[in-house]
Each structure stands twice: as C-alpha cells, then as structure tokens.
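Novice: Dumping the structure here so I can ask a few things about it.
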Amino acid sequence: MNLLEMVNSLWLSTGVVNMSAGQILMIAVSLLLIWLAVKKGFEPLLLIPIGFGGLLSNIPVADIAGAEGFLGIVYKSGIESGLFPLFIFMGIGAMTDFGPLIANPKTALLGGAAQFGIFTTLIGALLLAQHFGFEFGLREAASIGIIGGADGPTAIFLTARLAPHLLGAIAVAAYSYMALVPIIQPPIMRWLTTEEERRIEMRQLRPVSKTEKVLFPLIILGLCILLLPTATPLIGALAFGNLVRESGVAERLSKTLQNEFINIVTILLGLSVGSKLSAEQFLRVETLGILLLGLFAFSVGSASGVLLAKLMNIFSRDKINPLIGSAGVSAVPMAARVSNKVGLEARSDNYLLMHAMGPNVSGVIGSAVAAGILLALIH
C-alpha cells in the first residue's frame, strides 16, 4: 500500500466521512440531556450518564454500543440479565424512610392510584397495534405501560422478561420521564386543583417506632410471597435494603448500599441506557410511538393520584392536599419534591415533602406489584 492509499484509507475511517445525519441529530439530543442536567439540575445523576452514553453510542466506526463494545458488554451483563434493576432496588430500600407511609397508611392508596396509568396505556398500546399497524402484542403493551409507574428499574425488569426487543426504547423513555418530572407534573397538578386545594395544610405526622420500621419490610415481603411471588425479586431487593437500614446494626452495609453501591450501579445503568440512543435504534416509528405512549402513561399516573386525593377529601375529615397525589408515581424522591415545591408556591409555609413521601414510596411498591401482576398474567 503506497502513501496515497494509506492517507485515503485513514480519511475513509474518520468520523467526518462516516457520520450520518441521524447520528448528528442524536448527538444533539444527548447534549440536550446533559444541558438539562447541568444547567437546569434535572436529575443529573441520571441524565449525565444517559446523555454521555448517547454521545458514545453515536460515534461512527468505533461501535462502542455494539455487542463487542464496552457499553454493549455492560448492557448485556447488567440490563439484559436484569441484575441492575435489582441492585438499584437494594439501594433505594436502604435510602428510603417508610415512616411517612407507616404514619399515614391511607396515602398508600394514592401510590396505588398512580399505577392506573400503567393499565390504561396497556390498552392504548393494543389499540395502536390494532388501528395503526404497530407491532405491539400483549407482552409489548404491558412493557410500554409500565413506563407510567415512572420507575426505570421496574420497567427494565419487566421488559427484559416480556419484550426484550423493546428494552432499549422503554429504558430510555422510563428514565427520561423520571428525570423530566419537574417539567411534566406541575402543569397537570395546577390544572386539576384549585388555589384553595393547593393551600390545604396537613397535620404533622405521628412518630413511628423502630419496631414498626423493622417489621415493615418483612411484612411487605411476606405478603408478596403469599399473594404475588412474581413480584418478589423486586420487592425482596427493596425489603432487604430497607431492613439493612432500619435494623440499626449494619451501618457499614447501609452506608455502602446508599452510597458506593448504588452510585456505581447508577453510572453503569445510565451509560447502558444511553447506549440505546444510537440513531439506528432510536430513530424509528416504533420508538417514537413508545415515547408518546410513555408520556401518556406518566401523565395519567400523575393525574390519577391527584384525582383520588380530591375524591378522598369528600369522605375524609382530615383533608389531604391533592398535590401529594402526584407523588404516587415512583420517581423517588423527585416527585415528592415537586409536590412540595408547587405547594410552597401556593402557600409559603405549607411544607408537604414528608406527606408526599408516603405516596411516593408506596408508588415504588405499587409499580413493583403491577409488574408482578403483569408477569403472572402474561409470562
């Protein structure tokens, strides 16, 4: 090979020659996600790894997200296998205080209501398949619907078992909507509530004993074993992490789960999810349909919690601020923070964060239960 041929070969291997219009577009989308994380503070722990994974996956020639690339290897090991969702649930359990839910158990109903978006979207996906030619069967529809729980690990866990060919698109949609909670939820909350309802002040929660907190993860796991064994991988991981936290005798394990362990898994999971932002996988009509259905599912889930809170106020003596109903989607703790923020806008001394954590953590359990139900019915 002479010098001219070598130069030509080198030129033909550059990104300038091999970059497609789709890759340029997806790189712009990835940079937008990073900008939202850095400039706007929207879930930076998720959006920075996802956005950077998207950048790496759209580099031509290198095939970083391919089967032999490092992102492809991480994706296969952690997401396709279903390990990362279970690891994340262990960390979430160790970071979560179920005290607000134990102190006010009726808020669990709000977390349950938020799962309504899952099942309405399942029907919507089937209708799209019937009338618009999308290739969505019951397995695909169930996997798309779970996006409405705003729980990325649960969405990955269920989709890996029911519709692994949609795993990339659903993982991207689920984590994107989790990160965009501060944009999506407030307009829904304001539209469905009056100024007077947003100003409702809730009574301080009662103290919860250590015994109650230690027994809680064991009780929910026991109920799951008896009634819905298909949900026990997720509920079991959550219960284990929470028991380590509340036992008070395993502080090193608790701190590890809350910090190093979940941080490492979040980095790897975010990069892996971002690897599915490659142009050839993402820029398809099917993927766009999943994104739209996921947005619908998330919106319905947020609205359902608010509407149920309004309904409960008709029959309850102790009024519930309907804003905490939107926290029933399990984007912990961002959804609870958004409820608190909108409440403070209506009344500067109305702190709803701890009240919103009740439906928020019940939403985590609810989405796992919904996934278990779908697995039991379909798998």
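Each chain in the structure tokens gets a letter, A, B, ..., in the order shown, and its residues are numbered from 1; ligands are numbered from 1 in order too.
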Write out, as JSON lines, each residue of stretch 83-153 of chain A that has an atom at most 6 Å from stretch 295-309 of chain A, together with the closest pair of atoms and their distance in Å to one decimal, counting only C-alpha atoms, rows going by chain and rising number.
Specialist:
```
{"residue": "A:Leu110", "atom": "CA", "partner": "A:Gly305", "partner_atom": "CA", "distance": 5.0}
{"residue": "A:Ala113", "atom": "CA", "partner": "A:Gly305", "partner_atom": "CA", "distance": 5.2}
{"residue": "A:Ala114", "atom": "CA", "partner": "A:Gly301", "partner_atom": "CA", "distance": 4.1}
{"residue": "A:Gln115", "atom": "CA", "partner": "A:Gly301", "partner_atom": "CA", "distance": 5.8}
{"residue": "A:Phe116", "atom": "CA", "partner": "A:Gly301", "partner_atom": "CA", "distance": 5.7}
{"residue": "A:Gly117", "atom": "CA", "partner": "A:Gly301", "partner_atom": "CA", "distance": 4.3}
{"residue": "A:Ile118", "atom": "CA", "partner": "A:Ala297", "partner_atom": "CA", "distance": 5.9}
{"residue": "A:Thr121", "atom": "CA", "partner": "A:Ala297", "partner_atom": "CA", "distance": 5.4}
{"residue": "A:Gly148", "atom": "CA", "partner": "A:Phe298", "partner_atom": "CA", "distance": 4.1}
```
Novice: Would you export the selected residues with N, CA and C atoms as a PDB file, in the first residue's frame, please?
Specialist:
```pdb
ATOM      1  N   LEU A 110     -52.941   6.496  47.267  1.00  0.00           N
ATOM      2  CA  LEU A 110     -52.521   7.435  46.221  1.00  0.00           C
ATOM      3  C   LEU A 110     -51.426   6.815  45.364  1.00  0.00           C
ATOM      4  N   ALA A 113     -53.211   4.438  43.109  1.00  0.00           N
ATOM      5  CA  ALA A 113     -53.955   5.110  42.036  1.00  0.00           C
ATOM      6  C   ALA A 113     -53.042   5.522  40.896  1.00  0.00           C
ATOM      7  N   ALA A 114     -51.809   5.885  41.235  1.00  0.00           N
ATOM      8  CA  ALA A 114     -50.872   6.324  40.195  1.00  0.00           C
ATOM      9  C   ALA A 114     -50.525   5.213  39.222  1.00  0.00           C
ATOM     10  N   GLN A 115     -50.750   3.963  39.636  1.00  0.00           N
ATOM     11  CA  GLN A 115     -50.470   2.841  38.731  1.00  0.00           C
ATOM     12  C   GLN A 115     -51.564   2.685  37.675  1.00  0.00           C
ATOM     13  N   PHE A 116     -52.622   3.473  37.786  1.00  0.00           N
ATOM     14  CA  PHE A 116     -53.706   3.417  36.803  1.00  0.00           C
ATOM     15  C   PHE A 116     -53.183   3.713  35.396  1.00  0.00           C
ATOM     16  N   GLY A 117     -52.167   4.571  35.326  1.00  0.00           N
ATOM     17  CA  GLY A 117     -51.586   4.910  34.030  1.00  0.00           C
ATOM     18  C   GLY A 117     -50.991   3.710  33.325  1.00  0.00           C
ATOM     19  N   ILE A 118     -50.503   2.743  34.101  1.00  0.00           N
ATOM     20  CA  ILE A 118     -49.903   1.539  33.514  1.00  0.00           C
ATOM     21  C   ILE A 118     -50.932   0.766  32.707  1.00  0.00           C
ATOM     22  N   THR A 121     -52.522   2.622  29.597  1.00  0.00           N
ATOM     23  CA  THR A 121     -51.590   2.670  28.470  1.00  0.00           C
ATOM     24  C   THR A 121     -51.427   1.307  27.832  1.00  0.00           C
ATOM     25  N   GLY A 148     -45.543   4.104  32.892  1.00  0.00           N
ATOM     26  CA  GLY A 148     -46.398   5.001  33.656  1.00  0.00           C
ATOM     27  C   GLY A 148     -46.096   5.014  35.137  1.00  0.00           C
TER      28      GLY A 148
END
```
Novice: Using 12 Å as the limit and counting only C-alpha atoms, can you tabulate each residue of stretch 155-257 of chain A that touches stretch 13-33 of chain A, with its shortest atom-to-atom distance in Å and the two atoms involved, as JSON lines?
Specialist:
```
{"residue": "A:Val172", "atom": "CA", "partner": "A:Ser30", "partner_atom": "CA", "distance": 11.5}
{"residue": "A:Tyr175", "atom": "CA", "partner": "A:Leu33", "partner_atom": "CA", "distance": 11.3}
{"residue": "A:Ser176", "atom": "CA", "partner": "A:Leu33", "partner_atom": "CA", "distance": 8.8}
{"residue": "A:Tyr177", "atom": "CA", "partner": "A:Leu33", "partner_atom": "CA", "distance": 11.7}
{"residue": "A:Ala179", "atom": "CA", "partner": "A:Leu33", "partner_atom": "CA", "distance": 9.5}
{"residue": "A:Leu180", "atom": "CA", "partner": "A:Leu33", "partner_atom": "CA", "distance": 10.0}
```
Novice: Suppose you want the space between atom CA of A:Gly289 and atom CA of A:Ala155; what is it in Å?
Specialist: 16.4 Å
Novice: One decimal, Å: what's the distance from atom CA of A:Gly241 over to atom CA of A:Phe70, could you say?
Specialist: 29.1 Å
Novice: Of the candidates A:Ile34, A:Met202, A:Ile378, A:Ala163, which one gets nearest to A:Pro322 if we count only C-alpha atoms?
Specialist: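 Closest candidate: A:Met202.
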Novice: At what distance in Å, to one decimal, does atom CA of A:Glu197 lie from atom CA of A:Ala346?
Specialist: 9.3 Å
Novice: Neighbours of A:Lys255 within 10 Å (only C-alpha atoms; same-chain residues fewer than 3 positions away dropped), as a ChimeraX atom specification?
Specialist: /A:91,94-95,244-245,250-252,258-261
Novice: Could you pull out the alpha helix (DSSP H) residues of stretch 25-116 of chain A from DSSP and send them as an NGL selection string?
Specialist: :A and (25-39 or 44-57 or 70-75 or 83-95 or 99-103 or 108-113 or 116)
Novice: Find the residues near stretch 48-51 of chain A: any atom within 12 Å, counting only C-alpha atoms, skip ones fewer than 4 places away on the same chain, and give them as a ChimeraX atom specification.
Specialist: /A:26-44,55-58,71,168,171-176,179,263-278
Novice: Please identify all polymer residues within 8 Å of A:Met357, counting only C-alpha atoms, omitting same-chain residues fewer than 4 positions from it, and present them as a list in words.
Specialist: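 The neighbour list is Pro100, Leu101, Ala327, Pro333, Ala336, Leu353 and Val361 of chain A.
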Novice: Quick one: of A:Val181, A:Leu46, A:Leu293, A:Ile373, who's nearest to A:Leu122, counting only C-alpha atoms?
Specialist: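 So, comparing all the options, the nearest one is A:Leu293.
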Novice: A:Pro85, A:Pro164, A:Gly145, A:Gly343: which is nearest A:Ala125, counting only C-alpha atoms?
Specialist: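 Between A:Pro85, A:Pro164, A:Gly145, A:Gly343, the residue approaching A:Ala125 most closely is A:Gly145.
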Novice: Nearest residue to A:Gly372 out of A:Thr154, A:Asn350, A:Ser77, A:Thr193, using only C-alpha atoms?
Specialist: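 Residue with the minimum atom-to-atom distance to A:Gly372: A:Thr154.
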Novice: Show which residues sit within 10 Å of A:Lys319, as a list in words. Count only C-alpha atoms, and ignore same-chain residues fewer than 5 positions away.
Specialist: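 So, after excluding close chain neighbours, the residues are Glu197, Ile200, Glu201, Met202, Arg203, Ala309, Lys310, Met312, Asn313 and Ile314 of chain A.
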Novice: Export C-alpha atoms of the chosen residues as an mmCIF file, in the first residue's frame?
Specialist:
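The file below, part_38.cif, is the result:
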```cif
data_model
loop_
_atom_site.group_PDB
_atom_site.id
_atom_site.type_symbol
_atom_site.label_atom_id
_atom_site.label_comp_id
_atom_site.auth_asym_id
_atom_site.auth_seq_id
_atom_site.Cartn_x
_atom_site.Cartn_y
_atom_site.Cartn_z
ATOM 1 C CA GLU A 197 -56.925 22.928 47.397
ATOM 2 C CA ILE A 200 -54.573 22.792 52.254
ATOM 3 C CA GLU A 201 -52.336 22.314 55.289
ATOM 4 C CA MET A 202 -51.820 18.760 56.543
ATOM 5 C CA ARG A 203 -51.285 17.774 60.157
ATOM 6 C CA ALA A 309 -56.859 12.633 46.725
ATOM 7 C CA LYS A 310 -59.689 15.007 45.759
ATOM 8 C CA MET A 312 -60.839 11.048 49.385
ATOM 9 C CA ASN A 313 -61.339 14.585 50.687
ATOM 10 C CA ILE A 314 -65.078 14.269 50.096
#
```
Novice: Give the answer as one residue: which of A:Thr211, A:Ser143, A:Thr107, A:Ser254 has the shortest atom-to-atom distance to A:Ile324, using only C-alpha atoms?
Specialist: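 Of A:Thr211, A:Ser143, A:Thr107, A:Ser254, the one nearest A:Ile324 is A:Thr107, counting only C-alpha atoms.
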